[in-house]
Amino acid sequence: MPPAIETRSLKKVYPAPSGRRRGRAGPLMTPGGSSAPTVPSGAKEIVALDGLDLEVPTGEFFGLLGPNGAGKTTTIGVLTTRVRPTSGSAAVAGIDVSANPVGVKQRIGVVPQQPNPDRQLTVIQNLLFHAAYFGIPRAVSLPRASALLEELGLADRGESKVDHLSGGQQQRLMIARALIHEPEILFLDEPTVGLDPQARLALWEVLRSLHAQGRTIIMTTHYMDEADRLCDRLAIVDHGKLLALDTPTGLKAKAPGGTLIEMTMDGPAARALALVESLPGLSRAGARENELTVYADRAGEALPAILRAAEQAGRSPVDIRLTPPSLETLFVSLTGRKLD
Amino acid sequence: MFGALVRRDVHVVSRELPFFLLRTTLQPIMFTTVFGYLLPKMGFVNQDYTGALLPGILGVSLAFASVQAVALPMVADFGWTREIEDRLLAPVPTWVIALEKVLAGTVQGVIAALFVLPVARLIMGPIPGLDLAHFGLVIVMTVLGAFAFSAFGLLLGSAIKGEQIGLMFGLIVAPMIFFGCAYYPWKALAATPLVQVLVLVNPLVYVSEGMRAALTPALPHMSLPVVTGALVAISALFMTLGLRTFEKRAVT
């Protein structure tokens, strides 16, 4: 079975605009919304993707993590046949995106960052017409549309005009639209941007259940907690390049700076600090009144040593907190800048 | 699947048809009232003028109904609403989506013409030279003109950005109307030979003259083969340019 997604040396270069012309010279696809690269006059070309190699097996929940301008949108654009690669290749479900874009479109569902429903139609009409574009007869699409609206909490908005929906509801309509033709592969571009925390959690649940149904999900995000919680594997991208690719756990283990160990002692921690500082594998040890903090590369190994040091200093801990390394720290170490 | 795209437009257009007709035919109808009824009544203009005017009014109506039907939603769809992407998700080649828009625009142009014809006739009264014997030819000219201008609408809709709409109407549409032999027959421009030659670049001239050839064949008009050939060539040109521009805008 071919992988769900495969890109080889994928490159996308946006040409420099001519002379005095300003404005956007990039993809207008909303995945990523307005992140089409704005090429100021006089600027050189923009390299949005610089030799990207990705492979996503069927059934995986795959994340693309990176800040705006990283190339996530362009990657999705290429895979959803909306952006033409400059060089390299990309295939979805074994179908080349350049050779057979129609074949690709039949197998994918796309949820853009900014909802772009057909505003001339009601909610349910959006789903029914969209199904019709895929050749699905009304007898099939109507019950399916009703079920999707029910599942996504829009059952009572079927006859509403799209403009009367809230942002979160419109986003859920986009998901319903992406699913109406039951695609094997789902693309979501920053699906929770602009949603309130409750809507966000609800959406995560929806995505989890979609994944449980066996779909391949490709999601871009710049929220590290989202990527961490949802994805089987995660690619960290910036400036069109792949910086790291692994499971979230695997990536976090690579995060330097280590695990943060915070220990509350039964008295001033200063003496314990002095002993702890000489231990190997630790960095940035500090003490403040009863609180000892230290970063350890390997928390499991460091902890007994720290406890012994504390004991030697005549202290015992009353509370120990461990904060594992985060994707954020990994990202910062790889790129020198924060995710958002 | 193509049928579904058509059905969507039929659904939306038929819901908005009265407003659409009002928007696109109000100006030609007002012009007809002033120049086809009031001025002749006041004696400023010869009653015969209505014969020269009617086909031109129809030409303008169908041409600009077609352009607007295609271009305006498309500028919005490519611009702030990004709804074009909803259509572009459909598993059809990109050019099919563009073609469907052109066909939908053609139908709307024809509807506008069929609406204006009786209204204008009503306003102006009996029109010397009006001959509906070849109504088939009238339909053919109408469809050809509407198609040519729908293709033009495709080109404009894909090429211009939202903030340029006003400019488009001021710089392109208005001059086209005034120098499109809508309010006067091309043959009569022999009085100003330079102008007669210059206006030949204006596609509206051929639509107006086509309507004259079909509706008032006894009155002076550009020859039918020339008009037909020109409209076919114009359609091909705008369609080619339009499809290319649409494709470039849709897939970057």
# chains A, B, ... in the order shown; residues from 1 in each chain; ligands from 1
>>> interface_residues(of="chain A", to="chain B", cutoff="6 Å", atoms="only C-alpha atoms", output="list in words")
Pro27, Arg82, Val83, Arg84, Val102, Lys105, Gln106, Asn116, Asp118, Ala132, Tyr133 and Gly135 of chain A
>>> residues_around(residues="Leu79 (chain A)", least_positions_apart="5", cutoff="9 Å", atoms="only C-alpha atoms", output="PyMOL selection string")
chain A and resi 5+7+74+90-92+97+104+187
>>> residues_around(residues="Glu55 (chain A)", least_positions_apart="6", cutoff="12 Å", atoms="only C-alpha atoms", output="PyMOL selection string")
chain A and resi 2-10+62-63+79+89-94+218+233-235+242+245-246
>>> residues_around(residues="Ile165 (chain B)", least_positions_apart="2", cutoff="12 Å", atoms="only C-alpha atoms", output="CSV table (one decimal) with all heavy atoms, in the first residue's frame")
chain,number,residue,atom,x,y,z
B,68,GLN,N,-20.7,41.2,-15.6
B,68,GLN,CA,-21.0,41.3,-14.2
B,68,GLN,C,-21.3,40.0,-13.5
B,68,GLN,O,-20.9,39.7,-12.4
B,68,GLN,CB,-22.1,42.3,-13.9
B,68,GLN,CG,-21.6,43.7,-14.1
B,68,GLN,CD,-22.7,44.7,-13.7
B,68,GLN,OE1,-23.1,44.7,-12.5
B,68,GLN,NE2,-23.1,45.5,-14.6
B,71,ALA,N,-17.7,38.3,-13.5
B,71,ALA,CA,-16.5,38.9,-12.9
B,71,ALA,C,-16.7,39.3,-11.5
B,71,ALA,O,-15.8,39.1,-10.7
B,71,ALA,CB,-16.2,40.2,-13.7
B,72,LEU,N,-17.9,39.9,-11.1
B,72,LEU,CA,-18.0,40.4,-9.8
B,72,LEU,C,-18.0,39.3,-8.7
B,72,LEU,O,-17.2,39.4,-7.7
B,72,LEU,CB,-19.3,41.2,-9.6
B,72,LEU,CG,-19.3,42.5,-10.4
B,72,LEU,CD1,-20.6,43.3,-10.2
B,72,LEU,CD2,-18.1,43.4,-10.0
B,73,PRO,N,-18.7,38.2,-8.9
B,73,PRO,CA,-18.6,37.1,-7.9
B,73,PRO,C,-17.2,36.6,-7.8
B,73,PRO,O,-16.7,36.2,-6.8
B,73,PRO,CB,-19.6,36.1,-8.3
B,73,PRO,CG,-20.5,36.7,-9.2
B,73,PRO,CD,-19.8,37.8,-9.9
B,74,MET,N,-16.5,36.5,-9.0
B,74,MET,CA,-15.2,35.9,-9.1
B,74,MET,C,-14.2,36.7,-8.3
B,74,MET,O,-13.3,36.2,-7.7
B,74,MET,CB,-14.8,35.7,-10.5
B,74,MET,CG,-13.7,34.7,-10.6
B,74,MET,SD,-13.3,34.3,-12.3
B,74,MET,CE,-14.6,33.2,-12.7
B,75,VAL,N,-14.3,38.1,-8.5
B,75,VAL,CA,-13.3,38.9,-7.8
B,75,VAL,C,-13.5,38.7,-6.3
B,75,VAL,O,-12.5,38.6,-5.5
B,75,VAL,CB,-13.6,40.4,-8.1
B,75,VAL,CG1,-12.7,41.3,-7.2
B,75,VAL,CG2,-13.2,40.7,-9.5
B,76,ALA,N,-14.7,38.6,-5.8
B,76,ALA,CA,-15.0,38.3,-4.4
B,76,ALA,C,-14.5,36.9,-4.0
B,76,ALA,O,-13.8,36.8,-3.0
B,76,ALA,CB,-16.5,38.4,-4.1
B,79,GLY,N,-11.0,36.9,-3.8
B,79,GLY,CA,-10.5,37.9,-2.8
B,79,GLY,C,-10.9,37.6,-1.4
B,79,GLY,O,-10.4,36.7,-0.8
B,156,LEU,N,-11.4,39.3,-16.6
B,156,LEU,CA,-11.4,40.4,-15.6
B,156,LEU,C,-11.5,39.8,-14.2
B,156,LEU,O,-10.8,40.2,-13.3
B,156,LEU,CB,-12.6,41.3,-15.8
B,156,LEU,CG,-12.5,42.2,-17.0
B,156,LEU,CD1,-13.8,43.1,-17.1
B,156,LEU,CD2,-11.3,43.1,-17.0
B,157,GLY,N,-12.4,38.9,-14.0
B,157,GLY,CA,-12.6,38.3,-12.6
B,157,GLY,C,-11.4,37.7,-12.1
B,157,GLY,O,-11.1,37.7,-10.9
B,158,SER,N,-10.6,37.0,-12.9
B,158,SER,CA,-9.4,36.4,-12.5
B,158,SER,C,-8.2,37.3,-12.4
B,158,SER,O,-7.3,37.1,-11.6
B,158,SER,CB,-8.9,35.3,-13.4
B,158,SER,OG,-10.0,34.6,-13.9
B,159,ALA,N,-8.3,38.4,-13.1
B,159,ALA,CA,-7.1,39.2,-13.2
B,159,ALA,C,-7.1,40.3,-12.2
B,159,ALA,O,-6.0,40.7,-11.7
B,159,ALA,CB,-7.0,39.8,-14.6
B,160,ILE,N,-8.3,40.9,-11.9
B,160,ILE,CA,-8.2,42.1,-11.0
B,160,ILE,C,-8.5,41.7,-9.6
B,160,ILE,O,-9.1,40.8,-9.2
B,160,ILE,CB,-9.2,43.2,-11.5
B,160,ILE,CG1,-10.6,42.8,-11.2
B,160,ILE,CG2,-9.1,43.4,-13.0
B,160,ILE,CD1,-11.6,43.9,-11.5
B,161,LYS,N,-8.0,42.6,-8.7
B,161,LYS,CA,-8.2,42.4,-7.3
B,161,LYS,C,-9.3,43.3,-6.8
B,161,LYS,O,-9.8,44.2,-7.5
B,161,LYS,CB,-6.9,42.9,-6.5
B,161,LYS,CG,-5.6,42.4,-7.1
B,161,LYS,CD,-5.1,41.2,-6.2
B,161,LYS,CE,-3.7,40.7,-6.6
B,161,LYS,NZ,-3.4,40.6,-8.0
B,162,GLY,N,-9.8,42.9,-5.6
B,162,GLY,CA,-11.0,43.6,-5.1
B,162,GLY,C,-11.0,45.1,-5.1
B,162,GLY,O,-11.9,45.7,-5.6
B,163,GLU,N,-9.9,45.6,-4.7
B,163,GLU,CA,-9.8,47.1,-4.6
B,163,GLU,C,-9.8,47.8,-6.0
B,163,GLU,O,-9.9,49.0,-6.1
B,163,GLU,CB,-8.6,47.6,-3.8
B,163,GLU,CG,-7.3,47.0,-4.4
B,163,GLU,CD,-6.8,45.8,-3.6
B,163,GLU,OE1,-7.7,45.1,-3.1
B,163,GLU,OE2,-5.6,45.5,-3.7
B,167,LEU,N,-12.0,50.9,-10.4
B,167,LEU,CA,-11.2,51.3,-11.5
B,167,LEU,C,-11.6,50.6,-12.8
B,167,LEU,O,-11.7,51.2,-13.8
B,167,LEU,CB,-9.7,50.9,-11.1
B,167,LEU,CG,-8.6,51.7,-11.8
B,167,LEU,CD1,-8.7,53.1,-11.2
B,167,LEU,CD2,-7.3,51.1,-11.5
B,168,MET,N,-11.9,49.3,-12.6
B,168,MET,CA,-12.3,48.5,-13.7
B,168,MET,C,-13.6,49.1,-14.4
B,168,MET,O,-13.6,49.3,-15.6
B,168,MET,CB,-12.6,47.1,-13.3
B,168,MET,CG,-13.3,46.2,-14.4
B,168,MET,SD,-13.7,44.6,-13.8
B,168,MET,CE,-15.5,44.8,-13.6
B,169,PHE,N,-14.5,49.5,-13.6
B,169,PHE,CA,-15.7,50.0,-14.1
B,169,PHE,C,-15.5,51.4,-14.8
B,169,PHE,O,-16.0,51.7,-15.8
B,169,PHE,CB,-16.8,50.2,-13.0
B,169,PHE,CG,-17.6,48.9,-12.9
B,169,PHE,CD1,-17.3,48.0,-12.0
B,169,PHE,CD2,-18.7,48.7,-13.7
B,169,PHE,CE1,-18.0,46.8,-11.9
B,169,PHE,CE2,-19.4,47.5,-13.6
B,169,PHE,CZ,-19.1,46.6,-12.7
B,170,GLY,N,-14.6,52.2,-14.1
B,170,GLY,CA,-14.4,53.5,-14.7
B,170,GLY,C,-13.5,53.5,-16.0
B,170,GLY,O,-13.8,54.2,-16.9
B,171,LEU,N,-12.5,52.6,-15.9
B,171,LEU,CA,-11.5,52.6,-17.1
B,171,LEU,C,-11.9,51.7,-18.2
B,171,LEU,O,-11.5,51.9,-19.3
B,171,LEU,CB,-10.2,52.3,-16.5
B,171,LEU,CG,-9.4,53.3,-15.7
B,171,LEU,CD1,-8.0,52.8,-15.5
B,171,LEU,CD2,-9.4,54.6,-16.4
B,172,ILE,N,-12.6,50.6,-17.9
B,172,ILE,CA,-12.9,49.6,-18.9
B,172,ILE,C,-14.3,49.6,-19.3
B,172,ILE,O,-14.6,49.8,-20.5
B,172,ILE,CB,-12.5,48.2,-18.4
B,172,ILE,CG1,-11.0,48.2,-18.1
B,172,ILE,CG2,-12.8,47.2,-19.5
B,172,ILE,CD1,-10.5,46.9,-17.6
B,173,VAL,N,-15.2,49.5,-18.4
B,173,VAL,CA,-16.6,49.3,-18.7
B,173,VAL,C,-17.2,50.5,-19.3
B,173,VAL,O,-17.8,50.5,-20.4
B,173,VAL,CB,-17.4,48.9,-17.5
B,173,VAL,CG1,-18.9,48.9,-17.7
B,173,VAL,CG2,-16.9,47.5,-17.0
>>> residues_around(residues="Ser223 (chain B)", least_positions_apart="2", cutoff="9 Å", atoms="only C-alpha atoms", output="PyMOL selection string")
chain B and resi 209-210+213+221+225-228
